[in-house]
$ cat data_19.txt   # compact mmCIF, C-alpha atoms
# COMPACT_ATOMS: atom_id res chain seq x y z
CA MET P 123 -7.57 -7.37 0.14
CA PRO P 124 -8.20 -10.27 -2.24
CA PRO P 125 -6.73 -13.59 -1.31
CA ALA P 126 -3.90 -13.34 -3.79
CA SER P 127 -1.30 -10.77 -4.24
CA THR P 128 -1.40 -9.41 -7.74
CA GLY P 129 -4.84 -7.98 -8.18
CA ALA P 130 -8.46 -8.84 -7.89
CA SER P 131 -10.40 -11.03 -10.23
CA THR P 132 -13.43 -13.26 -10.12
CA LEU P 133 -12.30 -16.86 -10.21
CA THR P 134 -14.36 -19.13 -12.42
CA VAL P 135 -12.89 -22.56 -12.93
CA ALA P 136 -14.18 -25.82 -14.27
CA ALA P 137 -13.83 -28.64 -11.84
CA SER P 138 -13.40 -32.31 -12.48
CA PRO P 139 -16.55 -34.41 -12.14
CA GLN P 140 -15.56 -35.55 -8.64
CA PRO P 141 -13.31 -32.85 -7.24
CA SER P 142 -11.62 -33.26 -3.92
CA PRO P 143 -13.39 -31.27 -1.21
CA VAL P 144 -11.60 -28.06 -0.41
CA ALA P 145 -12.05 -25.54 2.31
CA THR P 146 -13.29 -22.07 1.65
CA ALA P 147 -13.90 -19.28 4.08
CA ASP P 148 -17.57 -20.18 4.36
CA SER P 149 -17.48 -23.94 4.09
CA PRO P 150 -18.12 -26.24 7.02
CA ALA P 151 -14.88 -28.02 6.24
CA THR P 152 -13.00 -24.92 7.31
CA THR P 153 -14.10 -25.48 10.89
CA ALA P 154 -13.83 -29.27 10.83
CA PRO P 155 -12.13 -30.40 14.03
CA ASP P 156 -9.74 -32.73 12.21
CA ARG P 157 -8.22 -30.05 9.96
CA LEU P 158 -4.58 -29.49 10.75
CA GLU P 159 -3.22 -26.32 12.30
CA PRO P 160 -0.43 -25.47 14.76
CA GLY P 161 -1.11 -27.07 18.12
CA ARG P 162 -3.41 -29.80 16.76
CA PRO P 163 -2.43 -33.49 16.57
CA GLY P 164 -0.77 -34.42 13.31
CA TYR P 165 0.33 -30.92 12.31
CA ARG P 166 3.88 -31.42 13.57
CA ARG P 167 4.17 -34.81 11.83
CA MET P 168 2.76 -33.37 8.61
CA SER P 169 5.16 -30.42 8.72
CA PHE P 170 8.17 -32.65 9.38
CA ALA P 171 7.19 -35.12 6.64
CA LEU P 172 6.69 -32.44 3.98
CA PHE P 173 9.84 -30.67 5.15
CA ALA P 174 11.75 -33.92 4.50
CA ALA P 175 10.07 -34.25 1.09
CA GLY P 176 11.07 -30.68 0.27
CA VAL P 177 14.66 -31.41 1.27
CA ALA P 178 14.78 -34.48 -0.99
CA THR P 179 13.10 -32.67 -3.91
CA PHE P 180 15.57 -29.80 -4.13
CA ALA P 181 18.61 -31.89 -3.17
CA LEU P 182 17.89 -34.27 -6.07
CA LEU P 183 16.58 -31.74 -8.55
CA TYR P 184 19.62 -29.46 -8.32
CA SER P 185 22.22 -32.08 -7.38
CA THR P 186 24.46 -31.25 -10.35
CA GLN P 187 24.23 -27.46 -10.10
CA ALA P 188 27.16 -26.90 -7.72
CA LEU P 189 29.16 -29.51 -9.67
CA LEU P 190 28.90 -27.92 -13.11
CA PRO P 191 32.53 -26.71 -13.26
CA ALA P 192 33.75 -30.19 -12.26
CA ILE P 193 31.42 -31.89 -14.75
CA SER P 194 32.60 -29.53 -17.49
CA ALA P 195 36.24 -30.36 -16.75
CA SER P 196 35.64 -34.11 -16.49
CA LEU P 197 33.42 -34.54 -19.56
CA GLY P 198 34.84 -31.76 -21.72
CA ALA P 199 31.61 -29.77 -21.76
CA THR P 200 31.02 -26.04 -21.99
CA ALA P 201 29.02 -24.19 -19.34
CA GLY P 202 25.98 -24.19 -21.65
CA GLN P 203 26.24 -27.94 -22.30
CA ALA P 204 26.76 -28.84 -18.65
CA SER P 205 23.84 -26.62 -17.61
CA TRP P 206 21.51 -29.09 -19.35
CA THR P 207 22.10 -31.53 -16.48
CA VAL P 208 20.05 -29.06 -14.46
CA SER P 209 17.70 -27.78 -17.17
CA ALA P 210 16.75 -31.31 -18.32
CA ALA P 211 15.54 -32.18 -14.82
CA THR P 212 13.59 -28.98 -14.27
CA GLY P 213 12.21 -29.01 -17.81
CA ALA P 214 10.97 -32.58 -17.49
CA LEU P 215 9.37 -31.70 -14.18
CA ALA P 216 7.61 -28.75 -15.80
CA LEU P 217 6.23 -30.96 -18.57
CA CYS P 218 5.07 -33.77 -16.29
CA VAL P 219 3.69 -31.91 -13.28
CA LEU P 220 0.21 -31.41 -14.78
CA PRO P 221 -0.44 -35.06 -15.77
CA MET P 222 0.99 -36.15 -12.41
CA SER P 223 -1.44 -33.83 -10.64
CA ALA P 224 -4.29 -35.45 -12.59
CA LEU P 225 -3.14 -38.85 -11.33
CA SER P 226 -3.14 -37.47 -7.79
CA GLU P 227 -6.83 -36.58 -8.23
CA ARG P 228 -7.52 -40.25 -8.90
CA PHE P 229 -5.07 -42.08 -6.63
CA GLY P 230 -4.52 -39.57 -3.82
CA ARG P 231 -2.01 -36.88 -2.88
CA ARG P 232 -0.20 -39.01 -0.31
CA GLN P 233 0.13 -41.97 -2.67
CA MET P 234 1.39 -39.79 -5.52
CA MET P 235 3.99 -38.07 -3.33
CA THR P 236 5.23 -41.41 -2.01
CA ALA P 237 5.52 -43.00 -5.47
CA SER P 238 7.22 -39.96 -6.99
CA LEU P 239 9.78 -39.69 -4.23
CA THR P 240 10.54 -43.42 -4.37
CA VAL P 241 11.19 -43.44 -8.13
CA ALA P 242 13.25 -40.23 -7.99
CA VAL P 243 15.43 -41.68 -5.23
CA LEU P 244 16.02 -44.90 -7.17
CA VAL P 245 17.05 -42.95 -10.27
CA GLY P 246 19.26 -40.77 -8.06
CA LEU P 247 21.22 -43.85 -7.06
CA LEU P 248 21.87 -44.59 -10.77
CA VAL P 249 22.90 -41.06 -11.80
CA PRO P 250 26.51 -41.30 -10.50
CA PHE P 251 27.17 -44.16 -12.91
CA ALA P 252 26.21 -42.25 -16.09
CA PRO P 253 28.96 -43.07 -18.64
CA SER P 254 28.68 -39.82 -20.63
CA LEU P 255 27.17 -36.36 -20.60
CA GLY P 256 24.30 -37.56 -22.79
CA TRP P 257 23.43 -40.36 -20.37
CA LEU P 258 23.74 -38.00 -17.43
CA ILE P 259 21.29 -35.56 -19.02
CA ALA P 260 18.88 -38.38 -19.90
CA LEU P 261 18.86 -39.79 -16.36
CA ARG P 262 18.40 -36.31 -14.93
CA ALA P 263 15.37 -35.83 -17.20
CA VAL P 264 13.84 -39.08 -15.91
CA GLN P 265 14.53 -37.95 -12.36
CA GLY P 266 12.84 -34.60 -12.97
CA ALA P 267 9.79 -36.33 -14.45
CA ALA P 268 9.55 -38.56 -11.38
CA LEU P 269 9.78 -35.59 -9.02
CA ALA P 270 6.88 -33.93 -10.84
CA GLY P 271 4.40 -35.79 -8.66
CA LEU P 272 5.63 -34.12 -5.49
CA PRO P 273 5.23 -30.31 -5.64
CA ALA P 274 1.67 -29.96 -6.96
CA SER P 275 0.41 -32.89 -4.87
CA ALA P 276 2.00 -31.38 -1.77
CA MET P 277 0.35 -27.99 -2.35
CA ALA P 278 -3.04 -29.65 -2.93
CA TYR P 279 -2.59 -31.87 0.14
CA LEU P 280 -1.90 -28.83 2.30
CA ALA P 281 -4.84 -26.89 0.83
CA GLU P 282 -7.18 -29.79 1.68
CA GLU P 283 -5.80 -30.83 5.06
CA VAL P 284 -4.73 -27.53 6.68
CA ARG P 285 -6.99 -24.75 7.93
CA PRO P 286 -6.91 -21.75 5.55
CA LYS P 287 -5.53 -19.40 8.18
CA ALA P 288 -2.50 -21.67 8.62
CA LEU P 289 -1.98 -22.39 4.90
CA VAL P 290 0.67 -19.74 4.13
CA ALA P 291 2.75 -20.85 7.12
CA ALA P 292 2.40 -24.54 6.18
CA ILE P 293 3.42 -23.95 2.57
CA GLY P 294 6.23 -21.74 3.84
CA LEU P 295 7.59 -24.71 5.82
CA PHE P 296 7.46 -26.91 2.71
CA VAL P 297 9.32 -24.23 0.74
CA ALA P 298 11.77 -23.96 3.64
CA GLY P 299 12.45 -27.67 3.17
CA ASN P 300 13.22 -26.88 -0.47
CA SER P 301 15.78 -24.31 0.61
CA ILE P 302 17.39 -26.68 3.13
CA GLY P 303 17.53 -29.39 0.46
CA GLY P 304 19.07 -27.04 -2.07
CA MET P 305 21.63 -25.86 0.46
CA SER P 306 22.57 -29.21 1.99
CA GLY P 307 22.75 -30.93 -1.38
CA ARG P 308 25.08 -28.32 -2.82
CA ILE P 309 27.32 -28.15 0.25
CA LEU P 310 27.50 -31.93 0.43
CA THR P 311 28.33 -32.28 -3.26
CA GLY P 312 30.92 -29.49 -3.11
CA TRP P 313 33.03 -31.05 -0.37
CA VAL P 314 32.57 -34.66 -1.47
CA ALA P 315 33.51 -33.69 -5.03
CA GLN P 316 36.65 -31.95 -3.81
CA LEU P 317 37.71 -35.11 -1.96
CA TRP P 318 36.46 -37.95 -4.18
CA GLY P 319 35.04 -36.45 -7.39
CA TRP P 320 31.65 -35.39 -8.70
CA ARG P 321 30.31 -38.92 -9.13
CA ALA P 322 30.80 -39.69 -5.45
CA ALA P 323 29.12 -36.38 -4.67
CA LEU P 324 26.01 -37.37 -6.63
CA GLY P 325 25.97 -40.70 -4.79
CA ALA P 326 26.03 -38.87 -1.45
CA VAL P 327 22.98 -36.81 -2.49
CA GLY P 328 21.20 -40.03 -3.42
CA LEU P 329 21.79 -41.44 0.05
CA LEU P 330 20.54 -38.21 1.65
CA ALA P 331 17.36 -38.50 -0.42
CA VAL P 332 16.89 -42.12 0.70
CA ALA P 333 16.89 -40.98 4.34
CA CYS P 334 14.38 -38.22 3.58
CA ALA P 335 12.10 -40.63 1.74
CA VAL P 336 12.04 -43.00 4.72
CA VAL P 337 11.15 -40.13 7.07
CA PHE P 338 8.38 -38.98 4.74
CA HIS P 339 6.87 -42.45 4.42
CA PHE P 340 6.55 -42.98 8.16
CA MET P 341 5.58 -39.43 9.18
CA ILE P 342 3.03 -38.18 6.64
CA PRO P 343 -0.53 -38.32 8.10
CA ARG P 344 -3.36 -40.00 6.26
CA ALA P 345 -5.42 -37.65 4.10
CA ARG P 346 -8.85 -37.01 5.66
CA HIS P 347 -10.39 -34.57 3.16
CA PHE P 348 -9.60 -36.18 -0.18
CA THR P 349 -12.23 -37.74 -2.42
CA PRO P 350 -10.89 -39.59 -5.47
CA GLY P 351 -12.09 -38.51 -8.89
CA SER P 352 -12.07 -40.23 -12.25
CA LEU P 353 -9.37 -39.82 -14.88
CA ASN P 354 -11.34 -37.77 -17.40
CA PRO P 355 -9.19 -35.97 -20.01
CA LYS P 356 -12.07 -33.69 -21.04
CA ALA P 357 -12.75 -32.68 -17.46
CA LEU P 358 -9.02 -32.11 -16.92
CA ALA P 359 -8.81 -29.93 -20.01
CA LYS P 360 -11.87 -27.97 -18.86
CA THR P 361 -10.36 -27.44 -15.40
CA VAL P 362 -7.01 -26.36 -16.80
CA GLY P 363 -8.72 -24.07 -19.29
CA GLY P 364 -10.68 -22.49 -16.47
CA HIS P 365 -7.51 -21.78 -14.50
CA LEU P 366 -5.71 -20.36 -17.52
CA ALA P 367 -8.70 -18.14 -18.28
CA ASP P 368 -8.44 -16.49 -14.87
CA PRO P 369 -6.26 -13.36 -15.14
CA LEU P 370 -5.21 -13.46 -11.49
CA LEU P 371 -3.91 -17.01 -11.75
CA ARG P 372 -2.12 -16.19 -15.00
CA ARG P 373 -0.31 -13.34 -13.25
CA LEU P 374 0.70 -15.60 -10.38
CA TYR P 375 2.04 -18.21 -12.81
CA ALA P 376 4.07 -15.57 -14.63
CA ILE P 377 5.45 -14.21 -11.35
CA GLY P 378 6.57 -17.69 -10.27
CA ALA P 379 8.28 -18.29 -13.62
CA LEU P 380 10.09 -14.94 -13.57
CA PHE P 381 11.27 -15.28 -9.97
CA MET P 382 12.65 -18.72 -10.77
CA THR P 383 14.34 -17.43 -13.94
CA VAL P 384 16.42 -15.12 -11.75
CA PHE P 385 17.20 -17.82 -9.22
CA GLY P 386 18.01 -20.48 -11.81
CA ALA P 387 20.33 -18.18 -13.72
CA VAL P 388 22.22 -16.97 -10.66
CA TYR P 389 22.82 -20.35 -9.04
CA THR P 390 23.62 -22.17 -12.27
CA VAL P 391 26.39 -19.70 -13.13
CA ILE P 392 27.74 -18.61 -9.75
CA GLY P 393 30.01 -21.65 -9.46
CA TYR P 394 31.77 -20.77 -12.72
CA ARG P 395 32.31 -17.21 -11.55
CA LEU P 396 33.73 -18.15 -8.17
CA VAL P 397 36.22 -20.74 -9.43
CA GLU P 398 37.67 -18.15 -11.84
CA ALA P 399 39.72 -15.00 -11.18
CA PRO P 400 39.61 -12.86 -9.11
CA PHE P 401 38.13 -15.34 -6.60
CA ASN P 402 39.74 -18.69 -7.56
CA LEU P 403 37.83 -20.63 -4.90
CA PRO P 404 38.15 -24.44 -4.58
CA GLN P 405 35.12 -26.67 -5.25
CA GLY P 406 34.40 -27.34 -1.58
CA VAL P 407 34.32 -23.66 -0.70
CA VAL P 408 32.08 -22.92 -3.70
CA GLY P 409 29.66 -25.56 -2.43
CA SER P 410 29.66 -23.94 1.00
CA ILE P 411 28.51 -20.67 -0.59
CA PHE P 412 25.08 -22.29 -0.69
CA LEU P 413 24.83 -21.83 3.08
CA VAL P 414 23.03 -18.63 2.10
CA TYR P 415 20.03 -20.90 1.45
CA LEU P 416 19.45 -20.67 5.20
CA VAL P 417 18.27 -17.14 4.52
CA GLY P 418 15.67 -18.59 2.16
CA THR P 419 14.55 -20.98 4.87
CA VAL P 420 13.86 -18.05 7.19
CA SER P 421 12.24 -15.80 4.56
CA SER P 422 9.92 -18.53 3.22
CA ALA P 423 8.89 -19.75 6.66
CA GLY P 424 8.20 -16.14 7.67
CA ALA P 425 6.17 -15.32 4.57
CA GLY P 426 2.92 -15.59 6.49
CA GLN P 427 3.97 -12.89 8.96
CA LEU P 428 5.21 -10.73 6.09
CA VAL P 429 1.83 -10.96 4.36
CA ALA P 430 0.03 -10.17 7.62
CA ARG P 431 1.99 -6.93 7.97
CA LEU P 432 2.29 -5.75 4.36
CA GLY P 433 -0.46 -7.56 2.49
CA ARG P 434 0.26 -9.90 -0.40
CA ARG P 435 1.11 -7.27 -2.96
CA GLY P 436 3.24 -5.41 -0.42
CA ALA P 437 5.12 -8.63 0.37
CA LEU P 438 5.75 -9.18 -3.35
CA TYR P 439 7.05 -5.63 -3.81
CA LEU P 440 9.47 -6.14 -0.92
CA ALA P 441 10.60 -9.52 -2.27
CA VAL P 442 11.28 -8.23 -5.77
CA SER P 443 13.09 -5.11 -4.48
CA THR P 444 15.33 -7.29 -2.31
CA THR P 445 16.12 -9.54 -5.27
CA ALA P 446 17.01 -6.61 -7.52
CA ALA P 447 19.27 -5.08 -4.86
CA GLY P 448 21.09 -8.39 -4.52
CA LEU P 449 21.65 -8.67 -8.26
CA LEU P 450 23.20 -5.21 -8.43
CA LEU P 451 25.38 -5.79 -5.38
CA SER P 452 26.71 -9.08 -6.81
CA LEU P 453 28.37 -7.18 -9.67
CA ALA P 454 31.20 -6.12 -7.35
CA ASP P 455 34.50 -8.03 -7.50
CA GLN P 456 34.75 -8.29 -3.71
CA LEU P 457 33.76 -11.67 -2.28
CA ALA P 458 31.92 -10.12 0.68
CA ALA P 459 29.76 -8.03 -1.67
CA VAL P 460 28.98 -11.06 -3.84
CA LEU P 461 27.97 -13.08 -0.78
CA LEU P 462 25.72 -10.30 0.50
CA GLY P 463 24.19 -10.06 -2.96
CA LEU P 464 23.45 -13.79 -2.91
CA VAL P 465 21.86 -13.43 0.53
CA LEU P 466 19.50 -10.72 -0.75
CA ILE P 467 18.67 -12.63 -3.95
CA THR P 468 17.91 -15.78 -1.96
CA ALA P 469 15.78 -14.01 0.66
CA GLY P 470 13.78 -12.16 -1.99
CA PHE P 471 13.25 -15.22 -4.15
CA PHE P 472 12.04 -17.57 -1.43
CA ALA P 473 9.73 -14.96 0.10
CA GLY P 474 8.22 -14.16 -3.31
CA HIS P 475 7.83 -17.83 -4.18
CA ALA P 476 6.09 -18.64 -0.87
CA VAL P 477 3.67 -15.71 -1.30
CA ALA P 478 2.85 -16.50 -4.94
CA SER P 479 2.43 -20.27 -4.47
CA SER P 480 0.21 -19.88 -1.41
CA SER P 481 -1.85 -17.31 -3.32
CA VAL P 482 -2.53 -19.88 -6.03
CA SER P 483 -3.71 -22.41 -3.45
CA ARG P 484 -6.05 -19.89 -1.83
CA THR P 485 -7.39 -18.46 -5.09
CA ALA P 486 -8.35 -21.75 -6.79
CA THR P 487 -11.40 -23.02 -4.92
CA LYS P 488 -11.78 -26.05 -7.24
CA GLY P 489 -9.24 -28.16 -9.10
CA ARG P 490 -6.53 -27.07 -6.70
CA ALA P 491 -4.15 -29.83 -7.77
CA GLN P 492 -4.30 -28.55 -11.36
CA ALA P 493 -3.95 -24.93 -10.25
CA SER P 494 -0.86 -25.80 -8.22
CA ALA P 495 0.45 -27.96 -11.06
CA LEU P 496 0.21 -25.08 -13.51
CA TYR P 497 2.10 -22.87 -11.06
CA GLN P 498 4.78 -25.51 -10.58
CA SER P 499 5.01 -26.01 -14.34
CA ALA P 500 5.55 -22.28 -14.90
CA TYR P 501 7.97 -22.18 -11.97
CA TYR P 502 10.18 -24.93 -13.35
CA VAL P 503 9.97 -23.64 -16.91
CA GLY P 504 11.47 -20.50 -15.40
CA SER P 505 14.15 -22.56 -13.68
CA SER P 506 15.04 -24.41 -16.88
CA ALA P 507 15.06 -21.22 -18.94
CA GLY P 508 17.03 -19.35 -16.29
CA GLY P 509 19.69 -22.03 -16.06
CA THR P 510 20.23 -22.28 -19.80
CA LEU P 511 19.88 -18.59 -20.63
CA GLY P 512 21.97 -17.63 -17.61
CA ALA P 513 24.81 -19.84 -18.86
CA VAL P 514 24.50 -18.41 -22.38
CA ALA P 515 24.49 -14.86 -20.99
CA PHE P 516 27.55 -15.65 -18.86
CA HIS P 517 29.39 -17.02 -21.88
CA ALA P 518 28.50 -13.91 -23.92
CA GLY P 519 28.95 -11.15 -21.33
CA GLY P 520 30.33 -12.61 -18.14
CA TRP P 521 28.57 -12.17 -14.80
CA ALA P 522 27.19 -8.81 -15.95
CA GLY P 523 25.30 -10.65 -18.69
CA THR P 524 23.72 -13.01 -16.16
CA VAL P 525 22.77 -10.08 -13.91
CA SER P 526 21.19 -8.28 -16.87
CA LEU P 527 19.02 -11.30 -17.55
CA GLY P 528 18.00 -11.38 -13.89
CA LEU P 529 17.12 -7.68 -13.81
CA PHE P 530 14.99 -8.10 -16.93
CA ALA P 531 13.02 -10.86 -15.18
CA VAL P 532 12.68 -8.69 -12.05
CA LEU P 533 11.27 -5.89 -14.18
CA GLY P 534 8.68 -8.35 -15.45
CA VAL P 535 7.58 -9.20 -11.89
CA VAL P 536 7.25 -5.50 -11.03
CA SER P 537 5.22 -4.81 -14.18
CA ILE P 538 2.83 -7.70 -13.52
CA THR P 539 2.33 -6.75 -9.88
CA LEU P 540 1.70 -3.09 -10.76
CA TYR P 541 -0.81 -4.17 -13.38
CA GLY P 542 -2.54 -6.37 -10.80
CA THR P 543 -2.70 -3.49 -8.32
CA ARG P 544 -4.34 -1.23 -10.90
CA ALA P 545 -6.74 -4.01 -11.91
CA ALA P 546 -7.79 -4.44 -8.28
CA ARG P 547 -8.44 -0.72 -7.88
CA ALA P 548 -10.43 -0.59 -11.11
CA GLU P 549 -12.50 -3.58 -9.96
CA ARG P 550 -13.29 -1.87 -6.66
CA ARG P 551 -14.34 1.33 -8.45
CA ARG P 552 -16.55 -0.69 -10.78
CA LEU P 553 -18.27 -2.45 -7.90
CA VAL P 554 -18.94 0.66 -5.80
CA PRO P 555 -21.80 1.99 -8.05
CA VAL P 556 -23.34 -1.48 -8.13
CA VAL P 557 -23.37 -1.68 -4.34
CA SER P 558 -24.87 1.83 -4.09
CA VAL P 559 -27.69 0.95 -6.46
CA GLN P 560 -28.43 -2.26 -4.55
CA ASN P 561 -28.57 -0.34 -1.28

$ encode --input "data_19.txt" --output "structure tokens"
Amino acid sequence: MPPASTGASTLTVAASPQPSPVATADSPATTAPDRLEPGRPGYRRMSFALFAAGVATFALLYSTQALLPAISASLGATAGQASWTVSAATGALALCVLPMSALSERFGRRQMMTASLTVAVLVGLLVPFAPSLGWLIALRAVQGAALAGLPASAMAYLAEEVRPKALVAAIGLFVAGNSIGGMSGRILTGWVAQLWGWRAALGAVGLLAVACAVVFHFMIPRARHFTPGSLNPKALAKTVGGHLADPLLRRLYAIGALFMTVFGAVYTVIGYRLVEAPFNLPQGVVGSIFLVYLVGTVSSAGAGQLVARLGRRGALYLAVSTTAAGLLLSLADQLAAVLLGLVLITAGFFAGHAVASSSVSRTATKGRAQASALYQSAYYVGSSAGGTLGAVAFHAGGWAGTVSLGLFAVLGVVSITLYGTRAARAERRRLVPVVSVQN
């Protein structure tokens, strides 16, 4: 089984002139006594720090998502217009994550994560005071750009500091922090908005992020396996070109984007559906719907065990099947069925995301920050596209239109994974004669 989940390929990437040392299966660094793994000093602190960073990232990034109906009513905006308060943040993150990852190669993963989180938190404290929808969207774009330094740097930090056998579990914990942040931020904003309005709700998320940033600053261990490189645009372009030339990485990037298209569409629109007939739920209850994110916490943290039992492609097939089943179930007009559908969508998405993102980190043996940045860029392009297109589809065809968009994206994941499976089999058949001749 190749290290990633969508088919075999030979990875050839161009590295920066002074790449950070990374562990491979045969490298001495893999067995270095100071690499982090469960049971070793520093692993618990690292996990808790990155969990807190994950909470802050998703709480800030999607802080307006549960509030879209209230923002629409307050500012006189349509669902499509209000959805830009989410799409602007995720789109800016997608655009900035690659240059931010290049800065992390020069100044360090830990330093980049700290600076990004600090700026994003400061902007988050200004967001509640936006005087208009335009200003709100602009501030959210700045916030998304600031957050861009966190995801790719975190993945590269883990790939360098954690033993390979513990990497999927470690990334799963970071993704679990994302799910907790997404859940807690939406629940907090839902109830605070019901009592004091959406501006107070955004202020509460900002304070939550401040607490997470303080925890991260004091808990994150010093990087031991990072070597700074120079800021060389040509070397960066060569590294990025090498990653994009690899068919396996391209498939993983596409899978991340398509999974996030489903997730972004569903959770951008679900609030509008639930406040309307036949559900007519109040804002606080709609925010509490995001408790289903706890399912994502479990499924992402357990992705390593899932891969161990089913293999990476098998884990992806299960994740995408679960997501599709949830989409279909959510079409019912019974609240219980909709909630169960959201549970399945959430579980499938977070499991698939954890498998795909960890596969990128394991596949790219050089320029890992750029490889992770490209994945994060594709991932958040999917989020931005899903949020906007999901709102447009909802306006045109109701919830069935949003589900149709999601099923189309799911079909794309299945097609890519099937193609990768066939490519892996063809590669094995091609190599068998070569091995026979050599023997």

$ atom_distance --input "data_19.txt" --atom1 "CA of Lys356 (chain P)" --atom2 "CA of Gly504 (chain P)"
27.6 Å

$ residues_around --input "data_19.txt" --residues "region 293-310 of chain P" --least-positions-apart "5" --cutoff "9 Å" --atoms "all atoms listed in the file" --output "MDAnalysis selection string"
chainID P and resid 169:170 172:189 276:277 280:281 288 315 323:324 326:327 330 406:426 472:473 475:477 479:480

$ atom_distance --input "data_19.txt" --atom1 "CA of Tyr165 (chain P)" --atom2 "CA of Gly271 (chain P)"
21.9 Å

$ closest_residue --input "data_19.txt" --among "P:Ala548, P:Ala322, P:Glu227, P:Val514" --to "Asn354 (chain P)" --atoms "all atoms listed in the file"
P:Glu227

$ residues_around --input "data_19.txt" --residues "Gln492 (chain P)" --least-positions-apart "2" --cutoff "10 Å" --atoms "only C-alpha atoms" --output "PyMOL selection string"
chain P and resi 137-138+219-224+226-227+274-275+278+358-359+361-362+365+486+488-490+494-498

$ atom_distance --input "data_19.txt" --atom1 "CA of Ala454 (chain P)" --atom2 "CA of Thr510 (chain P)"
23.2 Å

$ axis_aligned_box --input "data_19.txt" --around "region 273-286 of chain P" --padding-each-side "4 Å" --output "JSON"
{"center_x": -1.0, "center_y": -27.3, "center_z": 0.5, "size_x": 20.4, "size_y": 19.1, "size_z": 22.9}

$ closest_atom_pairs --input "data_19.txt" --of "region 418-472 of chain P" --to "region 522-545 of chain P" --cutoff "7 Å" --atoms "only C-alpha atoms" --output "Markdown table"
| residue | atom | partner | partner_atom | distance |
| --- | --- | --- | --- | --- |
| P:Val442 | CA | P:Val532 | CA | 6.5 |
| P:Ala446 | CA | P:Leu529 | CA | 6.4 |
| P:Leu449 | CA | P:Val525 | CA | 5.9 |
| P:Leu453 | CA | P:Ala522 | CA | 6.6 |

$ residues_near_point --input "data_19.txt" --point "(8.3, -37.8, 7.0)" --cutoff "6 Å" --atoms "all atoms listed in the file" --output "list in words"
Phe170, Ala171, Ala174, Val337, Phe338, His339, Phe340, Met341 and Ile342 of chain P

$ write_last_selection --input "data_19.txt" --atoms "C-alpha atoms" --output "PDB file, keeping the file's coordinate frame"
ATOM      1  CA  PHE P 170       8.170 -32.650   9.380  1.00  0.00           C
ATOM      2  CA  ALA P 171       7.190 -35.120   6.640  1.00  0.00           C
ATOM      3  CA  ALA P 174      11.750 -33.920   4.500  1.00  0.00           C
ATOM      4  CA  VAL P 337      11.150 -40.130   7.070  1.00  0.00           C
ATOM      5  CA  PHE P 338       8.380 -38.980   4.740  1.00  0.00           C
ATOM      6  CA  HIS P 339       6.870 -42.450   4.420  1.00  0.00           C
ATOM      7  CA  PHE P 340       6.550 -42.980   8.160  1.00  0.00           C
ATOM      8  CA  MET P 341       5.580 -39.430   9.180  1.00  0.00           C
ATOM      9  CA  ILE P 342       3.030 -38.180   6.640  1.00  0.00           C
TER      10      ILE P 342
END

$ closest_atom_pairs --input "data_19.txt" --of "region 286-329 of chain P" --to "region 239-263 of chain P" --cutoff "6 Å" --atoms "only C-alpha atoms" --output "Markdown table"
| residue | atom | partner | partner_atom | distance |
| --- | --- | --- | --- | --- |
| P:Arg321 | CA | P:Pro250 | CA | 4.7 |
| P:Leu324 | CA | P:Pro250 | CA | 5.5 |
| P:Gly325 | CA | P:Pro250 | CA | 5.8 |
| P:Gly328 | CA | P:Gly246 | CA | 5.1 |

$ closest_residue --input "data_19.txt" --among "P:Leu317, P:Ala478, P:Val284, P:Ala345" --to "Leu371 (chain P)" --atoms "all atoms listed in the file"
P:Ala478

$ residues_around --input "data_19.txt" --residues "Glu159 (chain P)" --least-positions-apart "4" --cutoff "9 Å" --atoms "all atoms listed in the file" --output "JSON, numbers by chain"
{"P": [163, 164, 165, 166, 283, 284, 285, 286, 287, 288, 289, 292]}

$ write_last_selection --input "data_19.txt" --atoms "C-alpha atoms" --output "PDB file, keeping the file's coordinate frame"
ATOM      1  CA  PRO P 163      -2.430 -33.490  16.570  1.00  0.00           C
ATOM      2  CA  GLY P 164      -0.770 -34.420  13.310  1.00  0.00           C
ATOM      3  CA  TYR P 165       0.330 -30.920  12.310  1.00  0.00           C
ATOM      4  CA  ARG P 166       3.880 -31.420  13.570  1.00  0.00           C
ATOM      5  CA  GLU P 283      -5.800 -30.830   5.060  1.00  0.00           C
ATOM      6  CA  VAL P 284      -4.730 -27.530   6.680  1.00  0.00           C
ATOM      7  CA  ARG P 285      -6.990 -24.750   7.930  1.00  0.00           C
ATOM      8  CA  PRO P 286      -6.910 -21.750   5.550  1.00  0.00           C
ATOM      9  CA  LYS P 287      -5.530 -19.400   8.180  1.00  0.00           C
ATOM     10  CA  ALA P 288      -2.500 -21.670   8.620  1.00  0.00           C
ATOM     11  CA  LEU P 289      -1.980 -22.390   4.900  1.00  0.00           C
ATOM     12  CA  ALA P 292       2.400 -24.540   6.180  1.00  0.00           C
TER      13      ALA P 292
END

$ closest_residue --input "data_19.txt" --among "P:Ala500, P:Ala335, P:Leu396, P:Leu269" --to "Gly378 (chain P)" --atoms "only C-alpha atoms"
P:Ala500

$ closest_residue --input "data_19.txt" --among "P:Ala333, P:Val384, P:Leu353, P:Ala270" --to "Leu217 (chain P)" --atoms "all atoms listed in the file"
P:Ala270
